[in-house]
>>> print(open('final28.txt').read())   # compact mmCIF, C-alpha atoms
# COMPACT_ATOMS: atom_id res chain seq x y z
CA MET P 21 -19.10 13.01 38.59
CA ARG P 22 -17.51 11.74 35.45
CA GLU P 23 -19.26 11.91 32.12
CA LEU P 24 -19.28 8.68 30.10
CA LYS P 25 -17.90 9.07 26.61
CA SER P 26 -19.85 7.61 23.74
CA ASP P 27 -16.83 7.07 21.51
CA TYR P 28 -13.81 5.70 23.40
CA SER P 29 -11.20 6.14 26.11
CA VAL P 30 -7.69 4.74 26.45
CA ASP P 31 -5.74 4.19 29.65
CA ARG P 32 -2.10 3.03 29.45
CA GLY P 33 -2.56 1.09 26.27
CA LEU P 34 -5.96 -0.38 27.13
CA ALA P 35 -8.97 0.90 25.22
CA THR P 36 -12.65 1.04 26.10
CA LEU P 37 -14.96 1.51 23.12
CA GLY P 38 -18.33 3.18 23.54
CA PRO P 39 -21.51 2.48 21.52
CA ASP P 40 -20.55 4.67 18.53
CA MET P 41 -17.17 3.01 18.11
CA VAL P 42 -18.66 -0.43 18.66
CA GLY P 43 -21.14 0.37 15.87
CA LEU P 44 -18.30 1.35 13.54
CA ARG P 45 -16.22 -1.67 14.57
CA THR P 46 -19.12 -4.05 13.94
CA LEU P 47 -19.70 -2.59 10.50
CA LEU P 48 -16.01 -2.73 9.66
CA ASP P 49 -15.53 -6.32 10.76
CA ALA P 50 -18.69 -7.31 8.86
CA ARG P 51 -16.95 -5.94 5.75
CA PHE P 52 -13.80 -7.99 6.45
CA LEU P 53 -15.95 -11.08 7.02
CA GLU P 54 -17.74 -10.46 3.72
CA TRP P 55 -14.34 -10.39 1.98
CA ALA P 56 -13.40 -13.58 3.81
CA ARG P 57 -16.65 -15.27 2.69
CA SER P 58 -16.07 -14.22 -0.91
CA CYS P 59 -12.77 -16.19 -0.96
CA GLU P 60 -14.39 -19.06 0.95
CA ALA P 61 -12.30 -18.52 4.05
CA ALA P 62 -13.68 -20.58 6.93
CA PRO P 63 -14.39 -18.46 10.01
CA MET P 64 -12.78 -19.80 13.19
CA LEU P 65 -12.15 -18.68 16.75
CA PHE P 66 -9.20 -20.00 18.72
CA PRO P 67 -8.38 -20.11 22.44
CA PRO P 68 -7.44 -16.73 23.93
CA LEU P 69 -4.12 -18.03 25.32
CA MET P 70 -1.26 -19.61 23.42
CA ARG P 71 1.14 -22.26 24.68
CA VAL P 72 4.71 -21.06 25.17
CA LYS P 73 5.90 -24.37 23.72
CA ASP P 74 3.89 -23.88 20.52
CA LEU P 75 5.23 -20.38 19.95
CA SER P 76 8.75 -21.55 20.72
CA GLY P 77 8.39 -23.90 17.74
CA PHE P 78 8.16 -20.76 15.58
CA ASP P 79 11.38 -19.29 17.12
CA TYR P 80 9.05 -16.70 18.66
CA PHE P 81 11.11 -16.19 21.80
CA ARG P 82 14.30 -15.78 19.77
CA ASN P 83 12.71 -13.16 17.53
CA PHE P 84 9.97 -11.44 19.54
CA PRO P 85 10.55 -12.09 23.29
CA HIS P 86 9.83 -8.41 24.08
CA LEU P 87 6.27 -8.62 22.77
CA ALA P 88 5.11 -11.50 24.93
CA ALA P 89 2.70 -10.85 27.79
CA SER P 90 2.80 -14.01 29.88
CA VAL P 91 -0.04 -15.43 31.94
CA ALA P 92 0.54 -17.21 35.24
CA LYS P 93 -1.38 -18.25 38.34
CA ILE P 94 -0.76 -17.22 41.91
CA GLU P 95 1.10 -19.99 43.78
CA PRO P 96 -1.50 -22.03 45.69
CA ALA P 97 0.61 -21.71 48.87
CA LYS P 98 0.32 -17.91 48.72
CA LEU P 99 -3.40 -17.71 48.12
CA GLU P 100 -4.66 -17.68 51.66
CA ALA P 101 -1.89 -15.91 53.55
CA GLU P 102 -1.12 -13.25 50.96
CA TYR P 103 -4.42 -12.65 49.23
CA ALA P 104 -7.59 -14.09 50.73
CA ARG P 105 -7.02 -12.15 53.95
CA LYS P 106 -5.63 -8.98 52.41
CA GLY P 107 -7.37 -5.76 51.49
CA THR P 108 -6.19 -3.81 48.47
CA VAL P 109 -3.76 -5.56 46.11
CA GLU P 110 -1.76 -3.22 43.86
CA GLU P 111 0.28 -5.88 42.10
CA ILE P 112 1.29 -9.51 42.37
CA PRO P 113 5.03 -9.95 42.98
CA ASN P 114 7.01 -12.38 40.80
CA ALA P 115 7.76 -14.53 43.84
CA HIS P 116 4.05 -15.29 44.20
CA MET P 117 3.57 -16.49 40.63
CA THR P 118 3.81 -19.95 39.13
CA ALA P 119 5.99 -20.50 36.06
CA SER P 120 4.08 -19.46 32.98
CA ALA P 121 3.31 -21.94 30.21
CA HIS P 122 0.99 -19.55 28.38
CA VAL P 123 1.16 -16.12 26.79
CA LEU P 124 -1.41 -13.81 25.27
CA PRO P 125 -1.25 -13.95 21.47
CA SER P 126 0.55 -11.09 19.69
CA ALA P 127 -0.97 -12.03 16.32
CA ALA P 128 -4.10 -13.91 15.35
CA CYS P 129 -2.78 -16.21 12.63
CA TYR P 130 -0.31 -18.39 14.60
CA ASN P 131 -3.25 -20.45 15.79
CA ILE P 132 -4.37 -21.10 12.21
CA TYR P 133 -1.08 -22.83 11.34
CA LEU P 134 -1.07 -24.74 14.63
CA TYR P 135 -4.63 -25.86 13.94
CA LEU P 136 -3.53 -27.30 10.57
CA ARG P 137 -0.50 -29.04 12.09
CA GLU P 138 0.32 -32.39 10.48
CA THR P 139 -2.34 -32.20 7.80
CA LYS P 140 -2.15 -32.62 4.05
CA LEU P 141 -4.13 -30.10 2.03
CA ASP P 142 -5.46 -31.39 -1.27
CA GLU P 143 -6.74 -27.86 -1.98
CA PRO P 144 -5.48 -24.53 -0.63
CA ALA P 145 -7.10 -23.74 2.73
CA ARG P 146 -8.38 -20.29 3.61
CA ILE P 147 -9.23 -19.47 7.20
CA THR P 148 -10.21 -16.23 8.90
CA THR P 149 -10.07 -15.49 12.60
CA ILE P 150 -10.19 -12.53 14.94
CA ALA P 151 -8.30 -12.33 18.21
CA SER P 152 -7.53 -9.98 21.05
CA CYS P 153 -3.79 -9.53 20.63
CA PHE P 154 -1.24 -8.06 23.03
CA ARG P 155 2.17 -6.54 22.42
CA ASN P 156 4.32 -5.02 25.14
CA GLU P 157 5.56 -1.66 23.88
CA THR P 158 7.73 1.01 25.45
CA GLU P 159 4.95 3.55 24.99
CA TYR P 160 1.33 3.55 23.94
CA ASN P 161 -0.58 6.14 21.98
CA GLY P 162 -4.37 6.37 21.79
CA LEU P 163 -5.97 3.81 19.46
CA GLU P 164 -2.84 3.93 17.32
CA ARG P 165 -0.60 1.92 19.62
CA LEU P 166 -2.36 -0.24 22.19
CA TRP P 167 -1.17 -2.93 24.57
CA GLY P 168 -4.28 -4.97 23.77
CA PHE P 169 -6.00 -4.70 20.42
CA SER P 170 -8.11 -6.70 17.96
CA MET P 171 -6.72 -8.28 14.84
CA ARG P 172 -8.72 -9.88 12.05
CA GLU P 173 -6.67 -12.08 9.71
CA ILE P 174 -7.53 -13.96 6.52
CA ALA P 175 -4.88 -16.59 5.81
CA CYS P 176 -4.23 -18.83 2.83
CA ILE P 177 -2.31 -22.08 3.18
CA GLY P 178 -1.30 -24.14 0.15
CA PRO P 179 1.01 -23.98 -2.87
CA MET P 180 3.08 -20.82 -3.36
CA ASP P 181 1.04 -19.64 -6.36
CA ALA P 182 -2.26 -19.83 -4.45
CA VAL P 183 -0.82 -17.90 -1.50
CA GLN P 184 0.65 -15.19 -3.70
CA ALA P 185 -2.65 -14.89 -5.62
CA HIS P 186 -4.52 -14.57 -2.29
CA LEU P 187 -2.27 -11.71 -1.18
CA LEU P 188 -2.43 -9.95 -4.54
CA SER P 189 -6.21 -10.20 -4.71
CA PHE P 190 -6.52 -8.67 -1.22
CA LYS P 191 -4.01 -5.97 -2.07
CA GLU P 192 -6.20 -4.94 -5.02
CA ARG P 193 -9.42 -5.30 -3.09
CA ILE P 194 -8.27 -3.20 -0.13
CA GLN P 195 -6.83 -0.52 -2.41
CA GLY P 196 -10.10 -0.35 -4.36
CA PHE P 197 -12.11 -0.15 -1.15
CA LEU P 198 -9.97 2.61 0.37
CA ARG P 199 -10.13 4.65 -2.84
CA GLU P 200 -13.89 4.27 -2.99
CA LEU P 201 -14.14 5.20 0.67
CA GLY P 202 -11.89 8.24 0.13
CA LEU P 203 -9.42 7.32 2.89
CA PRO P 204 -5.91 8.43 1.88
CA PHE P 205 -3.26 5.72 2.26
CA GLU P 206 0.14 4.51 1.09
CA ILE P 207 1.49 0.99 0.67
CA LYS P 208 4.95 0.51 2.18
CA ALA P 209 7.33 -2.44 2.40
CA ALA P 210 7.85 -3.21 6.08
CA ASN P 211 9.59 -5.49 8.58
CA ASP P 212 8.30 -7.42 11.55
CA PRO P 213 9.20 -5.93 14.96
CA PHE P 214 12.21 -8.17 15.69
CA PHE P 215 13.89 -7.86 19.11
CA GLN P 216 17.43 -7.66 17.75
CA PRO P 217 18.08 -5.49 14.71
CA THR P 218 21.15 -7.64 13.94
CA ASN P 219 19.07 -10.83 13.70
CA PRO P 220 19.76 -12.47 10.30
CA ARG P 221 16.01 -12.60 9.70
CA VAL P 222 15.84 -8.79 9.88
CA ARG P 223 18.49 -8.59 7.17
CA MET P 224 16.69 -11.20 5.14
CA GLN P 225 13.44 -9.22 5.36
CA LEU P 226 15.25 -6.06 4.33
CA LEU P 227 16.82 -7.77 1.33
CA PHE P 228 13.75 -9.74 0.30
CA PRO P 229 10.67 -7.96 1.67
CA THR P 230 7.76 -10.23 2.60
CA LYS P 231 5.53 -7.69 4.29
CA GLU P 232 3.61 -4.75 2.89
CA GLU P 233 1.58 -2.38 5.00
CA PHE P 234 -1.34 -0.08 4.34
CA VAL P 235 -0.35 3.15 6.03
CA TYR P 236 -2.50 6.12 7.06
CA GLY P 237 -1.13 9.57 7.88
CA GLY P 238 2.44 8.70 6.91
CA SER P 239 3.15 6.22 9.72
CA LEU P 240 0.09 4.33 10.99
CA ALA P 241 0.04 0.78 9.59
CA PHE P 242 -3.59 -0.32 9.79
CA GLY P 243 -3.39 -3.39 7.58
CA SER P 244 -0.71 -5.69 6.22
CA LEU P 245 -0.05 -8.38 3.63
CA ASN P 246 2.37 -11.02 4.88
CA PHE P 247 4.07 -13.76 2.89
CA HIS P 248 5.77 -16.31 5.18
CA ARG P 249 7.04 -18.56 2.38
CA ASN P 250 6.90 -22.17 3.65
CA PHE P 251 8.14 -21.37 7.18
CA PHE P 252 4.92 -22.27 9.03
CA GLY P 253 4.19 -25.16 6.65
CA ASP P 254 7.62 -26.55 7.45
CA ARG P 255 7.43 -26.01 11.23
CA CYS P 256 3.83 -27.29 11.52
CA ARG P 257 4.37 -30.10 9.01
CA ILE P 258 1.47 -28.93 6.83
CA GLN P 259 1.77 -30.49 3.39
CA ALA P 260 0.52 -29.05 0.12
CA ALA P 261 -1.08 -31.47 -2.38
CA ASP P 262 2.36 -32.42 -3.81
CA GLY P 263 3.64 -33.42 -0.36
CA THR P 264 6.00 -30.43 0.04
CA PRO P 265 5.64 -28.01 3.00
CA ALA P 266 2.72 -25.65 2.39
CA TYR P 267 3.22 -21.92 1.86
CA THR P 268 1.29 -19.47 3.98
CA GLY P 269 0.32 -15.84 3.75
CA CYS P 270 -2.15 -13.65 5.54
CA VAL P 271 -3.87 -10.33 5.25
CA ALA P 272 -4.17 -8.65 8.65
CA PHE P 273 -6.42 -5.83 9.81
CA GLY P 274 -5.63 -3.91 13.00
CA ILE P 275 -9.19 -3.04 13.97
CA GLU P 276 -8.54 -0.16 16.41
CA ARG P 277 -6.10 1.40 13.94
CA TRP P 278 -8.79 1.31 11.26
CA LEU P 279 -11.11 2.97 13.80
CA HIS P 280 -8.51 5.66 14.44
CA ALA P 281 -7.88 6.30 10.72
CA LEU P 282 -11.59 6.36 9.86
CA THR P 283 -12.70 8.58 12.75
CA THR P 284 -9.77 10.95 12.25
CA HIS P 285 -10.31 11.30 8.53
CA PHE P 286 -14.10 11.46 8.59
CA LYS P 287 -14.21 13.48 11.83
CA GLY P 288 -16.03 11.15 14.16
CA PRO P 289 -17.64 7.72 14.23
CA GLU P 290 -21.04 8.78 12.86
CA ARG P 291 -19.58 10.23 9.67
CA ALA P 292 -17.22 7.27 9.38
CA ILE P 293 -20.23 4.92 9.59
CA ARG P 294 -21.97 6.89 6.83
CA ALA P 295 -18.84 6.70 4.62
CA LEU P 296 -18.43 2.99 5.28
CA THR P 297 -22.08 2.24 4.53
CA GLY P 298 -21.76 4.03 1.18
CA ALA P 299 -18.67 2.15 -0.02
CA THR P 300 -19.38 -1.26 -1.52
CA GLY P 301 -15.87 -2.69 -1.13
CA ARG P 302 -16.55 -5.14 -3.92
CA SER P 303 -13.63 -5.88 -6.15
CA PRO P 304 -14.65 -5.84 -9.85
CA ALA P 305 -12.74 -9.08 -10.35
CA MET P 306 -14.55 -10.99 -7.59
CA MET D 7 32.27 -22.67 -18.62
CA THR D 8 29.62 -20.93 -16.54
CA THR D 9 27.36 -23.98 -16.97
CA GLN D 10 29.90 -26.08 -15.09
CA ARG D 11 30.25 -23.44 -12.40
CA ILE D 12 26.46 -23.25 -11.99
CA GLU D 13 26.45 -27.02 -11.54
CA GLU D 14 29.03 -26.62 -8.73
CA LEU D 15 26.85 -23.99 -7.06
CA LYS D 16 23.85 -26.25 -7.40
CA GLN D 17 25.76 -29.10 -5.75
CA TRP D 18 26.72 -26.77 -2.86
CA LEU D 19 23.06 -25.91 -2.37
CA LEU D 20 21.98 -29.55 -2.55
CA ARG D 21 24.60 -30.45 0.07
CA GLU D 22 23.24 -27.70 2.33
CA ARG D 23 19.67 -28.85 1.78
CA PRO D 24 19.69 -32.66 1.51
CA ASP D 25 15.86 -32.65 1.73
CA ILE D 26 15.70 -31.02 -1.72
CA LYS D 27 16.02 -33.30 -4.71
CA GLU D 28 16.50 -30.88 -7.60
CA ILE D 29 16.99 -27.17 -8.18
CA GLY D 30 16.04 -25.79 -11.57
CA LEU D 31 17.79 -22.84 -13.19
CA ASP D 32 14.71 -20.70 -12.55
CA THR D 33 13.78 -22.04 -9.11
CA ASP D 34 13.41 -19.08 -6.73
CA LEU D 35 15.98 -19.91 -4.05
CA ILE D 36 14.48 -17.40 -1.62
CA ASP D 37 10.74 -17.95 -2.00
CA ASN D 38 11.30 -21.71 -1.92
CA ARG D 39 13.45 -21.23 1.19
CA ILE D 40 16.29 -23.24 -0.31
CA LEU D 41 18.22 -20.32 1.15
CA ASP D 42 16.99 -19.02 4.50
CA SER D 43 18.33 -16.25 6.68
CA VAL D 44 21.32 -18.31 7.80
CA THR D 45 22.18 -20.29 4.67
CA PHE D 46 21.83 -17.17 2.53
CA ILE D 47 24.70 -15.47 4.36
CA ASN D 48 26.83 -18.65 4.08
CA PHE D 49 25.97 -18.80 0.40
CA VAL D 50 27.11 -15.21 -0.15
CA TYR D 51 30.43 -15.98 1.57
CA PHE D 52 30.76 -19.15 -0.49
CA MET D 53 30.07 -17.17 -3.66
CA GLU D 54 32.77 -14.67 -2.73
CA GLU D 55 35.32 -17.47 -2.36
CA PHE D 56 34.01 -19.15 -5.47
CA THR D 57 34.22 -16.07 -7.70
CA GLY D 58 37.06 -14.21 -5.98
CA LYS D 59 34.87 -11.12 -5.97
CA ARG D 60 33.42 -9.19 -3.08
CA ILE D 61 29.68 -9.11 -3.32
CA SER D 62 27.55 -6.15 -2.33
CA LEU D 63 24.08 -6.68 -0.99
CA ALA D 64 23.57 -3.02 -0.18
CA SER D 65 20.64 -2.73 -2.54
CA GLY D 66 17.61 -4.91 -3.10
CA THR D 67 18.57 -5.12 -6.77
CA ALA D 68 21.92 -6.71 -5.89
CA ALA D 69 20.27 -9.16 -3.50
CA ASN D 70 17.76 -10.12 -6.18
CA SER D 71 20.70 -11.34 -8.30
CA PHE D 72 20.69 -14.36 -5.96
CA ARG D 73 17.09 -15.36 -6.47
CA THR D 74 17.75 -18.05 -9.10
CA LEU D 75 20.73 -19.92 -10.50
CA ARG D 76 20.05 -18.30 -13.90
CA LEU D 77 20.23 -14.80 -12.35
CA ILE D 78 23.45 -15.74 -10.54
CA GLN D 79 24.86 -16.98 -13.83
CA LYS D 80 23.87 -13.80 -15.65
CA ASN D 81 24.68 -11.21 -12.98
CA ILE D 82 27.55 -12.67 -11.01
CA LEU D 83 29.36 -15.42 -12.90
CA GLU D 84 29.46 -13.91 -16.35
CA GLU D 85 32.39 -11.55 -16.61
CA GLY D 86 32.07 -7.81 -16.64
CA THR D 87 28.62 -7.67 -15.19
CA HIS D 88 29.50 -7.57 -11.52
CA ALA D 89 31.48 -4.46 -10.71
CA ARG D 90 30.60 -3.84 -7.07
CA THR D 91 33.42 -4.32 -4.62
CA GLU D 92 32.12 -3.50 -1.16
CA ILE D 93 30.26 -5.77 1.23
CA GLY D 94 26.93 -4.27 2.05
CA LEU D 95 25.53 -6.58 4.67
>>> encode(input="final28.txt", output="structure tokens")
Amino acid sequence: MRELKSDYSVDRGLATLGPDMVGLRTLLDARFLEWARSCEAAPMLFPPLMRVKDLSGFDYFRNFPHLAASVAKIEPAKLEAEYARKGTVEEIPNAHMTASAHVLPSAACYNIYLYLRETKLDEPARITTIASCFRNETEYNGLERLWGFSMREIACIGPMDAVQAHLLSFKERIQGFLRELGLPFEIKAANDPFFQPTNPRVRMQLLFPTKEEFVYGGSLAFGSLNFHRNFFGDRCRIQAADGTPAYTGCVAFGIERWLHALTTHFKGPERAIRALTGATGRSPAM
Amino acid sequence: MTTQRIEELKQWLLRERPDIKEIGLDTDLIDNRILDSVTFINFVYFMEEFTGKRISLASGTAANSFRTLRLIQKNILEEGTHARTEIGL
């Protein structure tokens, strides 16, 4: 018989967390939520599927078609003959599927900008959400690179100054927290995982970086600060108080990557929980 | 002289972005997305024709010379301050 593991197991990019890891995850996300509350970010949960049409409005399929995991139904005509009377089903062939109008989200914050579509913000808006996100990858590696993972994001939408202040305040807060915790890290300028390296947006990101990552162990990005300028404000017709397209920026936490970094550094979930409980994570300025 | 040339550059930008009413000397052309990933490249080509110089964007420092009209004036239009000759894109 198999022995159940109390920490976690991963099979082809899909993770199962046991009670110890769930305990650590709960504590960690409570900390992120506390940070979100301290900047008055409204907590929200969005649908688990995204419309292809909505993402297309963000040029998603031009820039990140390789990430998308699409969701489709089995053709009604095939249900009885091919499935209801069959035994084991290993996979569902393409020919049996309906066209897909939905995909699994690859980031949590798209829904925040869609939610604010065609609104005018008299004050900057701050919203936090958590989502199960999916990214097709060529290979997966433990909790470090998963097909399905959890992402907590805290976004700010409003004038450029407010968005930049939001990102800077989180940069300082996260750095202070990691130092207090004793988790070694670096901050690196980064790019989004574009499909084509020749895409003009890749070059633009290289010339004018808009993304910084918190990196553990030299290469594992477990958090990021993202400045989108007024791209989402423009595409979603979100207006700042002066009537111009709102700016957006978000701080993102890859939960399973935090779990990996914490349990690796502190040698197991129990010690990681003790370390996390001891660190206050309170920024002196807030 | 460079003031007139800056005005010409500004007019080029305003033609590209008819939705924008005014561009100040210190307006960040990138963060305000007056130049995006496509118009930025066109702008660099336009600048090369405009100045008769080849413009390198091989380093972030060089690219940052394009952030505002004042920086373009100082780093690219004023003589003797732009010595790079290769295209870095």
>>> atom_distance(input="final28.txt", atom1="CA of Ala61 in chain P", atom2="CA of Ala281 in chain P")
26.1 Å
>>> residues_around(input="final28.txt", residues="Ser71 in chain D", least_positions_apart="5", cutoff="9 Å", atoms="all atoms listed in the file", output="list in words")
Gly66, Arg76, Leu77, Ile78, Gln79, Lys80, Asn81 and Ile82 of chain D
>>> closest_residue(input="final28.txt", among="D:Val44, D:Ile29, D:Leu19, D:Met53", to="chain P", atoms="all atoms listed in the file")
D:Val44
>>> interface_residues(input="final28.txt", of="chain D", to="chain P", cutoff="12 Å", atoms="only C-alpha atoms", output="mmCIF file with C-alpha atoms, in the coordinates of the input")
data_model
loop_
_atom_site.group_PDB
_atom_site.id
_atom_site.type_symbol
_atom_site.label_atom_id
_atom_site.label_comp_id
_atom_site.auth_asym_id
_atom_site.auth_seq_id
_atom_site.Cartn_x
_atom_site.Cartn_y
_atom_site.Cartn_z
ATOM 1 C CA ASP D 25 15.860 -32.650 1.730
ATOM 2 C CA ILE D 26 15.700 -31.020 -1.720
ATOM 3 C CA LYS D 27 16.020 -33.300 -4.710
ATOM 4 C CA ASP D 34 13.410 -19.080 -6.730
ATOM 5 C CA LEU D 35 15.980 -19.910 -4.050
ATOM 6 C CA ILE D 36 14.480 -17.400 -1.620
ATOM 7 C CA ASP D 37 10.740 -17.950 -2.000
ATOM 8 C CA ASN D 38 11.300 -21.710 -1.920
ATOM 9 C CA ARG D 39 13.450 -21.230 1.190
ATOM 10 C CA ILE D 40 16.290 -23.240 -0.310
ATOM 11 C CA LEU D 41 18.220 -20.320 1.150
ATOM 12 C CA ASP D 42 16.990 -19.020 4.500
ATOM 13 C CA SER D 43 18.330 -16.250 6.680
ATOM 14 C CA VAL D 44 21.320 -18.310 7.800
ATOM 15 C CA THR D 45 22.180 -20.290 4.670
ATOM 16 C CA PHE D 46 21.830 -17.170 2.530
ATOM 17 C CA ILE D 47 24.700 -15.470 4.360
ATOM 18 C CA ASN D 48 26.830 -18.650 4.080
ATOM 19 C CA SER D 62 27.550 -6.150 -2.330
ATOM 20 C CA LEU D 63 24.080 -6.680 -0.990
ATOM 21 C CA ALA D 64 23.570 -3.020 -0.180
ATOM 22 C CA SER D 65 20.640 -2.730 -2.540
ATOM 23 C CA GLY D 66 17.610 -4.910 -3.100
ATOM 24 C CA THR D 67 18.570 -5.120 -6.770
ATOM 25 C CA ALA D 68 21.920 -6.710 -5.890
ATOM 26 C CA ALA D 69 20.270 -9.160 -3.500
ATOM 27 C CA ASN D 70 17.760 -10.120 -6.180
ATOM 28 C CA SER D 71 20.700 -11.340 -8.300
ATOM 29 C CA PHE D 72 20.690 -14.360 -5.960
ATOM 30 C CA ARG D 73 17.090 -15.360 -6.470
ATOM 31 C CA GLY D 94 26.930 -4.270 2.050
ATOM 32 C CA LEU D 95 25.530 -6.580 4.670
#
>>> residues_around(input="final28.txt", residues="Cys176 in chain P", least_positions_apart="4", cutoff="10 Å", atoms="only C-alpha atoms", output="PyMOL selection string")
chain P and resi 59+61+132-133+144-148+180+182-187+247+266-271
>>> residues_around(input="final28.txt", residues="range 188-196 of chain P", least_positions_apart="3", cutoff="12 Å", atoms="only C-alpha atoms", output="ChimeraX atom specification")
/P:51-52,54-56,58-59,173-176,181-185,199-208,231-235,242-247,269-273,299-306
>>> closest_residue(input="final28.txt", among="P:Val109, P:Leu48, P:Val72, P:Ala97", to="Arg277 in chain P", atoms="all atoms listed in the file")
P:Leu48
>>> closest_residue(input="final28.txt", among="P:Asn131, P:Gln259, P:Ser170, P:Gln216", to="Phe78 in chain P", atoms="only C-alpha atoms")
P:Asn131
>>> residues_around(input="final28.txt", residues="Asn114 in chain P", least_positions_apart="6", cutoff="12 Å", atoms="all atoms listed in the file", output="PyMOL selection string")
chain P and resi 90-95+98+120
>>> write_last_selection(input="final28.txt", atoms="C-alpha atoms", output="short mmCIF file (atom, residue, chain, number, x, y, z; two decimals), in the coordinates of the input")
data_model
loop_
_atom_site.label_atom_id
_atom_site.label_comp_id
_atom_site.auth_asym_id
_atom_site.auth_seq_id
_atom_site.Cartn_x
_atom_site.Cartn_y
_atom_site.Cartn_z
CA SER P 90 2.80 -14.01 29.88
CA VAL P 91 -0.04 -15.43 31.94
CA ALA P 92 0.54 -17.21 35.24
CA LYS P 93 -1.38 -18.25 38.34
CA ILE P 94 -0.76 -17.22 41.91
CA GLU P 95 1.10 -19.99 43.78
CA LYS P 98 0.32 -17.91 48.72
CA SER P 120 4.08 -19.46 32.98
#
>>> closest_residue(input="final28.txt", among="P:Ile275, P:Leu75, P:Leu136, P:Ala115", to="Gly168 in chain P", atoms="all atoms listed in the file")
P:Ile275
>>> residues_around(input="final28.txt", residues="Glu13 in chain D", least_positions_apart="2", cutoff="12 Å", atoms="all atoms listed in the file", output="list in words")
Met7, Thr8, Thr9, Gln10, Arg11, Leu15, Lys16, Gln17, Trp18, Leu19, Leu20, Glu28, Ile29, Gly30, Leu31, Leu75, Arg76, Ile78 and Gln79 of chain D
>>> closest_residue(input="final28.txt", among="P:Ala241, P:Gly178, P:Arg82, P:Val30", to="Thr139 in chain P", atoms="only C-alpha atoms")
P:Gly178
